[in-house]
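**Q** Following this line is upload_27.cif, made up of mmCIF, C-alpha atoms:
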```
data_work
loop_
_atom_site.label_atom_id
_atom_site.label_comp_id
_atom_site.auth_asym_id
_atom_site.auth_seq_id
_atom_site.Cartn_x
_atom_site.Cartn_y
_atom_site.Cartn_z
CA MET A 108 1.78 19.74 8.53
CA SER A 109 3.78 22.39 6.67
CA ASP A 110 2.70 23.86 3.34
CA LYS A 111 6.33 23.90 2.25
CA LYS A 112 6.77 22.04 -1.03
CA ILE A 113 10.06 20.65 -2.30
CA LEU A 114 10.33 20.14 -6.05
CA ILE A 115 11.34 16.54 -6.79
CA LEU A 116 10.82 16.46 -10.58
CA ASN A 117 10.07 19.27 -13.01
CA GLN A 118 8.25 18.89 -16.32
CA GLN A 119 11.41 18.05 -18.29
CA GLN A 120 12.60 15.52 -15.70
CA ILE A 121 9.19 13.82 -15.67
CA GLN A 122 9.39 13.40 -19.45
CA GLN A 123 12.95 12.07 -19.19
CA LYS A 124 11.80 9.45 -16.65
CA ILE A 125 8.88 8.44 -18.87
CA ASP A 126 11.19 8.18 -21.91
CA ARG A 127 13.63 5.98 -19.96
CA ILE A 128 10.82 3.72 -18.74
CA ALA A 129 9.47 3.43 -22.30
CA TYR A 130 12.88 2.21 -23.51
CA GLN A 131 13.00 -0.32 -20.66
CA ILE A 132 9.54 -1.60 -21.63
CA LEU A 133 10.70 -1.83 -25.26
CA GLU A 134 13.76 -3.88 -24.25
CA ASP A 135 11.62 -6.21 -22.12
CA ASN A 136 9.01 -6.74 -24.87
CA PHE A 137 10.90 -6.37 -28.13
CA ASP A 138 9.49 -9.59 -29.65
CA GLU A 139 5.85 -8.80 -28.83
CA LYS A 140 3.24 -7.84 -31.42
CA GLU A 141 1.13 -5.88 -28.94
CA ILE A 142 1.24 -4.76 -25.31
CA LEU A 143 -1.58 -3.38 -23.20
CA ILE A 144 -0.87 -0.38 -20.99
CA ALA A 145 -3.36 -0.20 -18.12
CA GLY A 146 -3.42 3.16 -16.36
CA ILE A 147 -5.02 3.52 -12.94
CA LEU A 148 -7.19 6.64 -12.78
CA PRO A 149 -6.60 9.49 -12.39
CA ARG A 150 -2.87 10.25 -12.64
CA GLY A 151 -1.68 6.74 -13.41
CA ASN A 152 -3.72 7.02 -16.58
CA HIS A 153 -1.91 10.27 -17.49
CA VAL A 154 1.46 8.56 -17.03
CA ALA A 155 0.22 5.57 -19.08
CA GLY A 156 -0.91 7.87 -21.90
CA ARG A 157 2.48 9.53 -22.02
CA LEU A 158 4.23 6.14 -22.03
CA LYS A 159 2.04 5.06 -24.95
CA LEU A 160 2.97 8.19 -26.94
CA VAL A 161 6.68 7.43 -26.53
CA LEU A 162 6.25 3.72 -27.28
CA ASP A 163 4.26 4.52 -30.44
CA LYS A 164 7.32 6.43 -31.71
CA ILE A 165 10.05 3.95 -30.76
CA ALA A 166 8.55 0.44 -30.60
CA PRO A 167 7.86 -2.01 -33.43
CA PHE A 168 4.88 -3.39 -31.51
CA LYS A 169 1.42 -1.91 -31.16
CA SER A 170 0.39 -0.56 -27.76
CA ARG A 171 -3.14 -0.06 -26.51
CA LEU A 172 -4.20 2.13 -23.60
CA LEU A 173 -6.61 0.67 -21.04
CA THR A 174 -8.20 2.49 -18.10
CA ILE A 175 -8.84 1.12 -14.62
CA GLU A 176 -10.88 2.99 -12.02
CA LEU A 177 -10.54 1.62 -8.50
CA ASP A 178 -12.51 2.30 -5.34
CA LYS A 179 -9.48 2.73 -3.09
CA GLN A 180 -11.59 3.21 0.03
CA SER A 181 -13.29 -0.16 -0.28
CA SER A 182 -12.01 -3.14 1.71
CA ARG A 183 -12.54 -5.34 -1.35
CA LEU A 184 -11.69 -4.99 -5.01
CA GLN A 185 -14.18 -2.80 -6.86
CA ALA A 186 -12.96 -1.79 -10.29
CA LYS A 187 -14.41 -0.30 -13.46
CA THR A 188 -12.57 -0.77 -16.73
CA ASN A 189 -12.98 0.48 -20.29
CA PHE A 190 -12.18 -3.00 -21.65
CA ASP A 191 -13.27 -6.62 -21.37
CA VAL A 192 -10.70 -8.28 -19.13
CA GLN A 193 -10.88 -11.46 -21.24
CA GLU A 194 -9.30 -9.47 -24.12
CA CYS A 195 -6.10 -9.46 -22.04
CA SER A 196 -5.73 -13.22 -22.17
CA ASN A 197 -2.16 -14.29 -23.07
CA LYS A 198 -1.02 -10.69 -23.54
CA VAL A 199 1.58 -8.48 -21.90
CA ILE A 200 0.05 -6.02 -19.43
CA VAL A 201 1.89 -2.96 -18.13
CA LEU A 202 0.07 -1.66 -15.04
CA VAL A 203 0.76 2.05 -14.43
CA ASP A 204 0.23 4.36 -11.44
CA ASP A 205 1.77 7.66 -10.41
CA VAL A 206 2.99 6.85 -6.86
CA LEU A 207 3.65 3.55 -5.10
CA ASN A 208 3.11 4.21 -1.41
CA SER A 209 1.43 1.45 0.58
CA GLY A 210 1.00 -0.86 -2.40
CA LYS A 211 -2.78 -1.14 -2.01
CA THR A 212 -3.62 0.53 -5.34
CA LEU A 213 -1.26 -1.69 -7.33
CA ALA A 214 -2.46 -4.77 -5.43
CA TYR A 215 -6.04 -3.91 -6.40
CA GLY A 216 -4.82 -3.27 -9.94
CA PHE A 217 -3.37 -6.81 -10.04
CA GLY A 218 -6.73 -8.10 -8.87
CA VAL A 219 -8.42 -6.95 -12.07
CA PHE A 220 -6.34 -9.52 -13.98
CA LEU A 221 -6.41 -12.46 -11.51
CA ASP A 222 -8.89 -14.57 -13.48
CA VAL A 223 -7.10 -14.14 -16.81
CA PRO A 224 -4.02 -16.08 -17.95
CA LEU A 225 -1.47 -13.38 -18.81
CA LYS A 226 1.75 -13.70 -20.75
CA LYS A 227 3.44 -11.12 -18.51
CA LEU A 228 2.41 -8.44 -16.00
CA ARG A 229 4.77 -5.54 -15.31
CA THR A 230 4.31 -2.48 -13.11
CA VAL A 231 5.32 1.13 -13.65
CA VAL A 232 5.25 4.03 -11.20
CA LEU A 233 6.65 7.51 -11.53
CA ILE A 234 7.52 7.69 -7.80
CA ASP A 235 8.30 4.65 -5.63
CA ARG A 236 8.09 5.43 -1.92
CA ASN A 237 9.30 2.94 0.66
CA HIS A 238 6.24 2.48 2.90
CA LYS A 239 4.65 -0.67 1.58
CA ASN A 240 1.92 -2.40 3.58
CA PHE A 241 1.39 -4.89 0.75
CA PRO A 242 4.11 -7.13 -0.74
CA VAL A 243 4.24 -5.13 -3.95
CA THR A 244 7.29 -4.09 -5.92
CA THR A 245 7.53 -2.25 -9.19
CA ASP A 246 9.36 -3.27 -12.33
CA TYR A 247 9.99 0.26 -13.59
CA ALA A 248 10.16 3.41 -11.47
CA GLY A 249 11.05 6.97 -12.37
CA VAL A 250 12.41 7.82 -8.91
CA ALA A 251 12.69 5.90 -5.64
CA LEU A 252 12.21 8.14 -2.60
CA SER A 253 12.88 7.35 1.00
CA THR A 254 10.38 9.48 2.88
CA VAL A 255 8.78 9.54 6.29
CA ILE A 256 5.15 8.53 6.67
CA LYS A 257 4.01 12.11 7.43
CA GLU A 258 5.38 13.40 4.13
CA HIS A 259 3.18 13.45 1.06
CA VAL A 260 4.07 13.23 -2.63
CA ASP A 261 2.00 15.44 -4.96
CA VAL A 262 2.08 14.59 -8.65
CA VAL A 263 0.75 17.36 -10.88
CA LEU A 264 -0.02 16.12 -14.40
CA ASN A 265 -2.40 17.58 -16.98
CA GLU A 266 -3.93 20.04 -14.50
CA ALA A 267 -5.18 23.31 -15.93
CA GLY A 268 -2.99 26.31 -15.14
CA GLN A 269 -0.21 24.24 -13.55
CA GLU A 270 3.06 22.99 -14.95
CA ASP A 271 3.71 19.27 -14.58
CA ALA A 272 5.79 18.56 -11.49
CA VAL A 273 6.30 16.24 -8.54
CA TYR A 274 6.51 17.78 -5.06
CA LEU A 275 7.29 16.47 -1.61
CA ARG A 276 5.46 18.18 1.23
#
```
Produce structure tokens that represent the structure in this file.
**A**
Amino acid sequence: MSDKKILILNQQQIQQKIDRIAYQILEDNFDEKEILIAGILPRGNHVAGRLKLVLDKIAPFKSRLLTIELDKQSSRLQAKTNFDVQECSNKVIVLVDDVLNSGKTLAYGFGVFLDVPLKKLRTVVLIDRNHKNFPVTTDYAGVALSTVIKEHVDVVLNEAGQEDAVYLR
């Protein structure tokens, strides 16, 4: 595979996508008192944190950041959270990841909330690729990319010495 990287989004474009998604979340949840933003570690949590910062400035509702750590190599759902899942009962959850590729990560993310009655569950990804193995779609996406399986999307967020960017290689 080639080391050639094609810039898809630069730092400013990433922030513009996050701002747009935040406004879409606001429109969808304007009457809510609180929403819970659940970021999937590692980079989904960075995107979730940035969404929360924007929502805190523009939204009348309170938003709370939750963290989900998934074992993506496991054949069954194994998740660690920084919250009690029962606290999510009858609330709006916004599940956030950086890239939607096969759909497995988001499917596992849904699994965390299966035993809890939710008011609404929405999904956010910065990059939506079109190679789903699971019947998963996203409610809000920064960019939809049609790629070939051999290509890889690299999302660089909050990494020391590197500017935020999204690359296709």
**Q** Care to translate the PyMOL selection byres ((chain A and resi 153) around 12) into actual residues of this file, as a JSON list (two decimals) with C-alpha atoms, in the coordinates of the input?
**A**
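Result written to result.json:
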```json
[["chain", "number", "residue", "atom", "x", "y", "z"],
["A", 121, "ILE", "CA", 9.19, 13.82, -15.67],
["A", 122, "GLN", "CA", 9.39, 13.40, -19.45],
["A", 125, "ILE", "CA", 8.88, 8.44, -18.87],
["A", 144, "ILE", "CA", -0.87, -0.38, -20.99],
["A", 145, "ALA", "CA", -3.36, -0.20, -18.12],
["A", 146, "GLY", "CA", -3.42, 3.16, -16.36],
["A", 147, "ILE", "CA", -5.02, 3.52, -12.94],
["A", 148, "LEU", "CA", -7.19, 6.64, -12.78],
["A", 149, "PRO", "CA", -6.60, 9.49, -12.39],
["A", 150, "ARG", "CA", -2.87, 10.25, -12.64],
["A", 151, "GLY", "CA", -1.68, 6.74, -13.41],
["A", 152, "ASN", "CA", -3.72, 7.02, -16.58],
["A", 154, "VAL", "CA", 1.46, 8.56, -17.03],
["A", 155, "ALA", "CA", 0.22, 5.57, -19.08],
["A", 156, "GLY", "CA", -0.91, 7.87, -21.90],
["A", 157, "ARG", "CA", 2.48, 9.53, -22.02],
["A", 158, "LEU", "CA", 4.23, 6.14, -22.03],
["A", 159, "LYS", "CA", 2.04, 5.06, -24.95],
["A", 160, "LEU", "CA", 2.97, 8.19, -26.94],
["A", 172, "LEU", "CA", -4.20, 2.13, -23.60],
["A", 173, "LEU", "CA", -6.61, 0.67, -21.04],
["A", 174, "THR", "CA", -8.20, 2.49, -18.10],
["A", 175, "ILE", "CA", -8.84, 1.12, -14.62],
["A", 203, "VAL", "CA", 0.76, 2.05, -14.43],
["A", 204, "ASP", "CA", 0.23, 4.36, -11.44],
["A", 205, "ASP", "CA", 1.77, 7.66, -10.41],
["A", 232, "VAL", "CA", 5.25, 4.03, -11.20],
["A", 233, "LEU", "CA", 6.65, 7.51, -11.53],
["A", 262, "VAL", "CA", 2.08, 14.59, -8.65],
["A", 263, "VAL", "CA", 0.75, 17.36, -10.88],
["A", 264, "LEU", "CA", -0.02, 16.12, -14.40],
["A", 265, "ASN", "CA", -2.40, 17.58, -16.98],
["A", 266, "GLU", "CA", -3.93, 20.04, -14.50],
["A", 271, "ASP", "CA", 3.71, 19.27, -14.58]]
```
**Q** I need the residue nearest Asp222 of chain A from this list: A:Ile234, A:Cys195, A:Leu143, A:Val201. Use all atoms listed in the file for the distance.
**A**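 Under the stated criterion, the closest residue is A:Cys195.
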**Q** Quick one: residues within 8 Å of segment 235-245 of chain A, all atoms listed in the file counted, chain neighbours fewer than 6 positions away excluded, as an MDAnalysis selection string?
**A** chainID A and resid 206:211 213:214 229 251:254 256
**Q** What would the selection look like, as a ChimeraX atom specification, if the PyMOL selection byres ((chain A and resi 132) around 12) were run on the coordinates I just shared?
**A** /A:125-131,133-139,141-144,158-159,161-163,165-168,170,199-203,227-231,246-248
**Q** List the spatial neighbours of segment 176-178 of chain A as a count of residues only - criterion: any atom at most 8 Å away, all atoms listed in the file, same-chain residues fewer than 6 positions off excluded.
**A** 11
**Q** Edge lengths and centre in Å to one decimal, as lines of an AutoDock Vina configuration file, of the axis-aligned box that encloses all listed atoms of segment 121-138 of chain A with 4 Å added on every side?
**A**
```
center_x = 11.3
center_y = 2.1
center_z = -22.7
size_x = 12.9
size_y = 31.4
size_z = 22.0
```
**Q** Measure the distance from atom CA of Val250 of chain A to atom CA of Tyr274 of chain A in Å and round it to one decimal.
**A**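 So the answer is 12.2 Å.
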**Q** Please determine, counting only C-alpha atoms, which residue among A:Phe220, A:Arg276, A:Ser181, A:His259 has the shortest atom-to-atom distance to Asn197 of chain A.
**A**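 Between A:Phe220, A:Arg276, A:Ser181, A:His259, the residue approaching Asn197 of chain A most closely is A:Phe220.
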**Q** Which polymer residues have any atom within 7 Å of an atom of Glu270 of chain A, counting only C-alpha atoms, with same-chain residues fewer than 2 positions away left out, as a list in words?
**A**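 Near Glu270 of chain A, the qualifying residues are Gln118, Gly268 and Ala272 of chain A.
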**Q** Expressed in Å to a single decimal, how great is the separation between atom CA of Lys111 of chain A and atom CA of Leu275 of chain A?
**A**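 So the two atoms, atom CA of Lys111 of chain A and atom CA of Leu275 of chain A, lie 8.4 Å apart.
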**Q** If I take atom CA of Lys179 of chain A and atom CA of Pro224 of chain A, how far is one from the other in Å, to one decimal?
**A**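 It comes out at 24.6 Å.
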